[in-house]
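Text of run_19.txt (compact mmCIF, C-alpha atoms) as supplied:
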```txt
# COMPACT_ATOMS: atom_id res chain seq x y z
CA MET A 1 88.19 174.32 49.93
CA ASP A 2 88.32 178.07 50.32
CA GLN A 3 85.59 178.69 52.85
CA GLY A 4 85.96 182.41 52.34
CA GLU A 5 84.25 181.98 48.99
CA HIS A 6 82.05 179.09 50.04
CA VAL A 7 78.48 180.08 50.78
CA ILE A 8 76.46 178.44 53.52
CA PRO A 9 73.46 176.77 51.84
CA SER A 10 70.01 178.22 52.30
CA PHE A 11 67.50 176.75 54.72
CA ASP A 12 65.66 175.05 51.87
CA GLU A 13 68.87 173.49 50.59
CA LEU A 14 69.91 172.33 54.05
CA ASN A 15 66.47 170.98 54.77
CA GLN A 16 66.32 169.21 51.43
CA SER A 17 69.60 167.47 52.20
CA LEU A 18 67.99 165.87 55.25
CA LEU A 19 65.83 163.78 52.95
CA THR A 20 68.84 161.82 51.75
CA ILE A 21 71.11 161.93 54.78
CA ASP A 22 72.17 158.65 56.36
CA ARG A 23 70.15 158.49 59.58
CA SER A 24 71.12 154.96 60.52
CA GLU A 25 73.73 156.04 63.05
CA ALA A 26 71.91 159.09 64.37
CA GLU A 27 72.49 159.89 68.02
CA PHE A 28 70.20 162.02 70.16
CA VAL A 29 71.38 164.08 73.12
CA PHE A 30 69.02 165.99 75.37
CA ASP A 31 70.75 168.61 77.54
CA VAL A 32 68.31 169.44 80.31
CA ASP A 33 70.31 172.38 81.63
CA LEU A 34 70.55 174.01 78.22
CA ASP A 35 67.04 172.93 77.19
CA GLU A 36 68.49 171.68 73.91
CA LEU A 37 68.02 168.50 71.95
CA THR A 38 70.83 167.68 69.55
CA VAL A 39 70.73 165.17 66.71
CA LEU A 40 74.15 163.93 65.58
CA PHE A 41 74.07 162.01 62.31
CA TYR A 42 77.76 161.10 62.45
CA GLY A 43 78.59 161.21 66.14
CA PRO A 44 80.32 163.85 68.28
CA ASP A 45 83.80 163.61 66.76
CA ARG A 46 83.16 165.21 63.40
CA PRO A 47 84.20 168.88 63.53
CA ALA A 48 81.15 171.01 62.97
CA PHE A 49 79.77 174.44 63.65
CA VAL A 50 76.36 175.71 64.65
CA HIS A 51 74.47 177.62 61.99
CA PRO A 52 71.35 179.13 63.58
CA GLU A 53 68.28 179.22 61.38
CA ASN A 54 66.26 180.93 64.09
CA GLU A 55 65.83 180.84 67.87
CA LEU A 56 64.55 177.27 67.87
CA LEU A 57 66.53 175.51 65.17
CA SER A 58 70.19 175.36 64.22
CA PHE A 59 71.98 173.16 61.72
CA LEU A 60 75.29 171.55 62.59
CA LEU A 61 77.45 171.85 59.49
CA ASP A 62 80.77 170.24 58.66
CA VAL A 63 83.45 172.92 59.06
CA ASP A 64 84.95 172.20 55.64
CA THR A 65 82.15 170.98 53.40
CA TYR A 66 79.12 172.68 55.02
CA GLU A 67 77.34 169.37 54.82
CA VAL A 68 74.61 168.88 57.43
CA VAL A 69 75.95 166.63 60.20
CA GLY A 70 73.39 167.38 62.87
CA LEU A 71 70.58 169.52 64.23
CA VAL A 72 70.04 171.46 67.44
CA PHE A 73 66.58 172.24 68.76
CA SER A 74 66.85 175.08 71.28
CA GLN A 75 64.24 176.04 73.88
CA PHE A 76 63.23 172.44 73.45
CA THR A 77 60.79 171.87 76.30
CA ARG A 78 59.82 175.49 76.56
CA ASP A 79 58.76 175.99 72.97
CA VAL A 80 59.58 173.24 70.49
CA VAL A 81 57.72 170.38 72.15
CA ARG A 82 54.77 172.59 72.98
CA ARG A 83 54.41 173.65 69.41
CA ILE A 84 55.34 170.37 67.75
CA PRO A 85 54.55 167.50 70.13
CA GLU A 86 56.03 164.84 67.85
CA THR A 87 59.50 166.19 68.60
CA ALA A 88 59.14 164.58 72.05
CA ASP A 89 59.48 161.22 70.29
CA MET A 90 63.22 161.83 70.17
CA VAL A 91 63.64 162.11 73.94
CA PRO A 92 63.25 158.46 75.02
CA ARG A 93 66.11 157.43 72.76
CA ALA A 94 68.33 160.34 73.76
CA LEU A 95 71.36 160.43 75.99
CA VAL A 96 70.38 162.87 78.73
CA ILE A 97 72.78 165.38 80.29
CA LYS A 98 71.84 166.98 83.58
CA ASP A 99 74.32 168.74 85.84
CA ASP A 100 77.52 166.76 85.30
CA LEU A 101 75.73 163.45 84.77
CA LEU A 102 74.84 161.39 81.72
CA GLY A 103 72.10 158.81 81.46
CA GLY A 104 68.75 157.88 80.00
CA ILE A 105 65.61 159.88 80.58
CA GLU A 106 64.38 157.35 83.14
CA ASP A 107 67.58 157.68 85.13
CA PHE A 108 66.85 161.32 85.84
CA PHE A 109 63.10 161.57 85.88
CA GLY A 110 61.82 158.07 86.44
CA ASP A 111 58.08 158.06 86.46
CA ASP A 112 57.90 161.70 87.49
CA PRO A 113 57.32 164.53 86.84
CA THR A 114 58.18 167.89 85.84
CA LEU A 115 59.98 167.16 82.63
CA GLY A 116 57.63 164.38 81.66
CA GLY A 117 54.70 166.67 82.15
CA ARG A 118 56.24 169.41 80.11
CA ILE A 119 57.18 167.09 77.29
CA GLY A 120 53.71 165.64 77.27
CA GLU A 121 52.01 168.93 76.65
CA THR A 122 50.06 169.16 73.47
CA ALA A 123 50.18 171.69 70.72
CA GLY A 124 47.14 173.34 72.18
CA ALA A 125 49.23 174.54 75.09
CA VAL A 126 51.19 176.90 72.97
CA GLY A 127 54.08 178.80 74.45
CA GLU A 128 53.89 182.44 75.27
CA HIS A 129 56.18 183.24 72.37
CA TRP A 130 53.88 181.78 69.77
CA GLU A 131 54.16 184.94 67.71
CA SER A 132 57.31 183.60 66.06
CA ARG A 133 55.31 181.24 63.92
CA SER A 134 57.96 181.07 61.22
CA ASP A 135 60.35 179.50 63.73
CA ALA A 136 57.90 176.71 64.43
CA GLN A 137 57.28 176.22 60.72
CA SER A 138 60.97 175.75 60.03
CA VAL A 139 61.18 173.17 62.79
CA ARG A 140 58.19 171.37 61.30
CA ASP A 141 59.87 171.34 57.92
CA VAL A 142 62.99 169.80 59.39
CA ILE A 143 61.08 167.24 61.39
CA ARG A 144 59.44 166.14 58.15
CA GLY A 145 62.91 165.83 56.69
CA ILE A 146 64.16 163.50 59.39
CA ARG A 147 60.85 161.75 59.94
CA GLY A 148 61.50 158.37 61.40
CA PHE A 149 64.55 159.61 63.28
CA GLY A 150 66.74 156.89 61.89
CA MET B 1 77.54 190.51 89.29
CA THR B 2 80.39 190.79 91.72
CA GLY B 3 83.77 189.28 92.30
CA THR B 4 86.72 190.35 90.24
CA ILE B 5 90.23 188.98 90.18
CA ASP B 6 91.92 191.76 88.35
CA ASP B 7 95.44 190.72 89.17
CA GLU B 8 94.98 187.11 88.04
CA PRO B 9 93.16 187.07 84.71
CA VAL B 10 93.68 183.35 84.10
CA ARG B 11 94.18 180.56 86.61
CA GLU B 12 93.97 176.81 86.41
CA TYR B 13 92.93 174.68 89.34
CA ALA B 14 93.75 171.13 90.28
CA ASP B 15 90.21 170.67 91.60
CA ASP B 16 87.01 170.72 89.61
CA ARG B 17 87.64 174.17 88.24
CA LEU B 18 89.18 173.91 84.82
CA ILE B 19 89.20 177.67 84.34
CA GLU B 20 88.79 180.56 86.72
CA MET B 21 89.45 183.93 85.20
CA ALA B 22 88.24 187.47 84.80
CA ASP B 23 86.07 188.21 81.81
CA TYR B 24 86.46 191.29 79.60
CA ASP B 25 84.70 193.41 82.20
CA GLY B 26 86.55 192.07 85.24
CA TYR B 27 83.85 189.69 86.43
CA ARG B 28 84.98 186.33 87.70
CA VAL B 29 84.02 183.37 85.50
CA VAL B 30 84.60 179.66 86.07
CA LEU B 31 84.42 176.52 83.98
CA THR B 32 84.23 173.22 85.82
CA ARG B 33 85.61 169.98 84.49
CA GLY B 34 82.22 168.36 84.87
CA GLN B 35 80.51 171.02 82.79
CA TRP B 36 83.19 170.88 80.14
CA TYR B 37 83.09 167.12 79.77
CA ALA B 38 79.35 166.62 80.13
CA HIS B 39 77.88 169.56 78.31
CA VAL B 40 80.55 170.33 75.72
CA LEU B 41 82.73 167.33 74.89
CA THR B 42 79.88 164.80 74.98
CA VAL B 43 78.32 166.48 71.99
CA LYS B 44 81.36 168.15 70.43
CA SER B 45 84.48 166.20 71.30
CA TYR B 46 86.57 168.31 68.92
CA MET B 47 86.21 171.21 71.35
CA ALA B 48 88.89 169.53 73.47
CA ASP B 49 91.45 171.33 71.31
CA HIS B 50 89.85 174.74 71.87
CA LEU B 51 90.06 175.41 75.57
CA ASP B 52 92.45 178.29 74.91
CA ASP B 53 89.89 179.78 72.53
CA VAL B 54 87.34 179.65 75.35
CA ARG B 55 89.71 181.55 77.62
CA GLU B 56 90.47 184.11 74.95
CA THR B 57 86.81 184.65 74.11
CA VAL B 58 85.86 185.21 77.74
CA ALA B 59 88.73 187.62 78.28
CA ASN B 60 88.57 189.41 74.96
CA PRO B 61 85.29 188.88 73.11
CA ALA B 62 84.43 190.65 69.88
CA PHE B 63 80.94 191.25 71.24
CA VAL B 64 78.55 189.98 73.88
CA ASN B 65 74.83 189.29 73.50
CA ARG B 66 72.06 188.49 75.93
CA ASP B 67 70.88 184.89 75.52
CA SER B 68 67.60 184.78 73.64
CA HIS B 69 66.14 181.90 75.69
CA PRO B 70 63.44 183.51 77.86
CA GLY B 71 64.13 181.01 80.61
CA PHE B 72 67.74 182.11 81.03
CA PRO B 73 67.69 185.87 81.58
CA TYR B 74 71.09 185.94 83.25
CA ARG B 75 72.96 184.19 80.47
CA ALA B 76 75.31 186.12 78.23
CA CYS B 77 76.79 184.90 74.97
CA TYR B 78 80.41 185.87 74.36
CA TYR B 79 81.59 185.71 70.75
CA GLY B 80 85.25 185.52 69.86
CA ARG B 81 88.00 183.80 67.93
CA TYR B 82 87.75 180.15 66.95
CA THR B 83 91.04 178.72 65.79
CA THR B 84 90.29 176.87 62.58
CA SER B 85 91.03 176.89 58.89
CA ASN B 86 87.63 178.44 58.25
CA PRO B 87 87.84 182.20 58.93
CA ARG B 88 84.06 182.61 58.88
CA LEU B 89 83.56 180.81 62.16
CA MET B 90 83.34 182.31 65.63
CA LEU B 91 83.39 180.75 69.06
CA LYS B 92 80.30 181.25 71.22
CA VAL B 93 80.74 180.90 74.97
CA VAL B 94 77.57 181.00 77.08
CA VAL B 95 78.09 182.32 80.61
CA ASP B 96 75.44 182.27 83.33
CA HIS B 97 75.80 185.29 85.60
CA HIS B 98 72.94 184.43 87.91
CA ARG B 99 75.47 183.92 90.68
CA SER B 100 79.02 185.00 91.28
CA PRO B 101 81.31 183.77 89.93
CA GLY B 102 79.78 183.48 86.50
CA PHE B 103 79.54 179.92 85.20
CA ILE B 104 80.48 178.82 81.69
CA VAL B 105 77.53 176.75 80.53
CA THR B 106 78.65 175.71 77.07
CA ALA B 107 80.91 176.69 74.19
CA TYR B 108 80.83 175.90 70.50
CA PRO B 109 81.83 177.24 67.08
CA CYS B 110 79.15 178.98 65.08
CA SER B 111 78.52 181.04 61.97
CA GLY B 112 77.13 183.90 64.05
CA PRO B 113 74.44 184.70 66.59
CA PRO B 114 70.72 183.99 66.18
CA ALA B 115 68.79 187.00 64.98
CA ARG B 116 67.00 187.77 68.21
CA GLU B 117 69.94 187.93 70.56
CA VAL B 118 70.37 191.49 71.84
CA ARG B 119 73.83 193.04 71.76
CA ILE B 120 74.93 194.26 75.18
CA TRP B 121 78.61 194.99 74.53
CA THR B 122 81.03 195.29 71.64
CA ARG B 123 84.76 195.61 71.71
CA GLU B 124 84.52 199.00 70.01
CA SER B 125 82.41 200.32 72.89
CA THR B 126 85.32 200.50 75.30
```
Representation of the structure as structure tokens:
Amino acid sequence: MDQGEHVIPSFDELNQSLLTIDRSEAEFVFDVDLDELTVLFYGPDRPAFVHPENELLSFLLDVDTYEVVGLVFSQFTRDVVRRIPETADMVPRALVIKDDLLGGIEDFFGDDPTLGGRIGETAGAVGEHWESRSDAQSVRDVIRGIRGFG
Amino acid sequence: MTGTIDDEPVREYADDRLIEMADYDGYRVVLTRGQWYAHVLTVKSYMADHLDDVRETVANPAFVNRDSHPGFPYRACYYGRYTTSNPRLMLKVVVDHHRSPGFIVTAYPCSGPPAREVRIWTREST
């Protein structure tokens, strides 16, 4: 495929493709230090690139076909979970990365604490950057697309 | 930011430092093995073939933006060459300059920067 002539699909097209994507093998990775939650539909080995939709949401697209192979939610605890609390549902099943360590959420935070408290915040506690409402709307649209998270 | 190693732009270490080098502006930047394996290869294993692209992007970026995450005011995003069959892609290398040396946080291919990142340097500006 000649990518030079290949156009990256629009947000609506990418989002629509989530409705039919195979979610059975989806993996979730929460990087605490980056404040990012990544969804990998086909694992970490498939070459992909990040296509940012906005500050909160990026699509991971196959480098050759531009097919959606994953999602990245940026500013995850700072903004995404505050605005859309249901996104926190992905965290308990995520591989967590903190410093140089990998583990489950309970391995790092146990029954504490800071992160748990932040993730548990409701939509009423909106972030200070709430003005970018369209960002939150696009995340909502995507969350609808992957509802059930596999 | 302080700490330049002008006479040694690229070095490899046997210890935890996978890369220690000067960036485009002479500031010292490191990448640890732990960071590389945990934060990059865990999610994007194909980046294992692109360590040279990381070095090249840090040393000779096309442009540099300030990270748009409000919680990371000292992070800069270096954009440069990503060796692939798709010429539209760039490599993004995120460097935290809160301390010296700067610390490579993550690196990945992308179609371009998010809209709200602010440009702080371009190659043409030198």
Item to check | Contacts of Leu34 in chain A within 9 Å, all atoms listed in the file, excl. fewer than 4 positions in-chain, as a count of residues only | outcome: 8
Residues of chain B within 8 Å of chain A: nearest atom pair and distance (Å, one decimal) for each, counting only C-alpha atoms, sorted by chain and number, as a Markdown table?
```
| residue | atom | partner | partner_atom | distance |
| --- | --- | --- | --- | --- |
| B:Gly34 | CA | A:Asp100 | CA | 5.0 |
| B:Gln35 | CA | A:Asp100 | CA | 5.8 |
| B:Tyr37 | CA | A:Asp100 | CA | 7.9 |
| B:Ala38 | CA | A:Asp100 | CA | 5.5 |
| B:His39 | CA | A:Ile97 | CA | 6.9 |
| B:Leu41 | CA | A:Pro44 | CA | 7.8 |
| B:Thr42 | CA | A:Pro44 | CA | 6.8 |
| B:Val43 | CA | A:Pro44 | CA | 5.0 |
| B:Lys44 | CA | A:Pro44 | CA | 4.9 |
| B:Ser45 | CA | A:Asp45 | CA | 5.3 |
| B:Tyr46 | CA | A:Asp45 | CA | 5.9 |
| B:Ser68 | CA | A:Glu55 | CA | 7.2 |
| B:His69 | CA | A:Gln75 | CA | 6.4 |
| B:Asn86 | CA | A:Gln3 | CA | 5.8 |
| B:Pro87 | CA | A:Gly4 | CA | 6.9 |
| B:Arg88 | CA | A:Gly4 | CA | 6.8 |
| B:Leu89 | CA | A:Phe49 | CA | 7.6 |
| B:Val105 | CA | A:Leu34 | CA | 7.8 |
| B:Tyr108 | CA | A:Phe49 | CA | 7.1 |
| B:Pro109 | CA | A:Phe49 | CA | 4.9 |
| B:Cys110 | CA | A:Val50 | CA | 4.3 |
| B:Ser111 | CA | A:His51 | CA | 5.3 |
| B:Gly112 | CA | A:His51 | CA | 7.1 |
| B:Pro113 | CA | A:Pro52 | CA | 7.0 |
| B:Pro114 | CA | A:Pro52 | CA | 5.5 |
| B:Ala115 | CA | A:Asn54 | CA | 6.6 |
| B:Arg116 | CA | A:Glu55 | CA | 7.0 |
```
Next on the checklist: Within 6 Å of (66.1, 170.1, 65.8) in the file's own coordinates, which protein, DNA or RNA residues have an atom, counting only C-alpha atoms? List them as a PyMOL selection string.
Outcome noted: chain A and resi 57+71-73
Item to check | For Asn60 in chain B: contacts at 12 Å, only C-alpha atoms, fewer than 6 positions along chain excluded, given as a ChimeraX atom specification | outcome: /B:9,21-26,52-54,78-81,91,93,121-124,126
Next on the checklist: Need to verify the contact set: Val95 in chain B, 12 Å, all atoms listed in the file, exclusion of same-chain residues closer than 6 positions in sequence. Can you return it as a ChimeraX atom specification?
Outcome noted: /A:34 /B:1,23,27-31,35,54,57-58,64-67,72-79,101-107
Next on the checklist: Can you measure CA of Leu19 in chain A to CA of Arg140 in chain A for me? One decimal in Å is fine.
Outcome noted: 13.6 Å
Checklist outcome for this item: Expressed in Å, the length from CA of Phe63 in chain B to CA of Ser100 in chain B is 21.1 Å
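CA of Leu18 in chain A is positioned 19.3 Å from CA of Ala94 in chain A.
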Any chance you could work out the axis-aligned box around range 87-94 of chain B, listed atoms only, 4 Å on each side, giving centre and edge lengths in Å to one decimal, as AutoDock Vina command-line options?
```
--center_x 82.7 --center_y 181.7 --center_z 68.0 --size_x 18.3 --size_y 9.9 --size_z 26.2
```
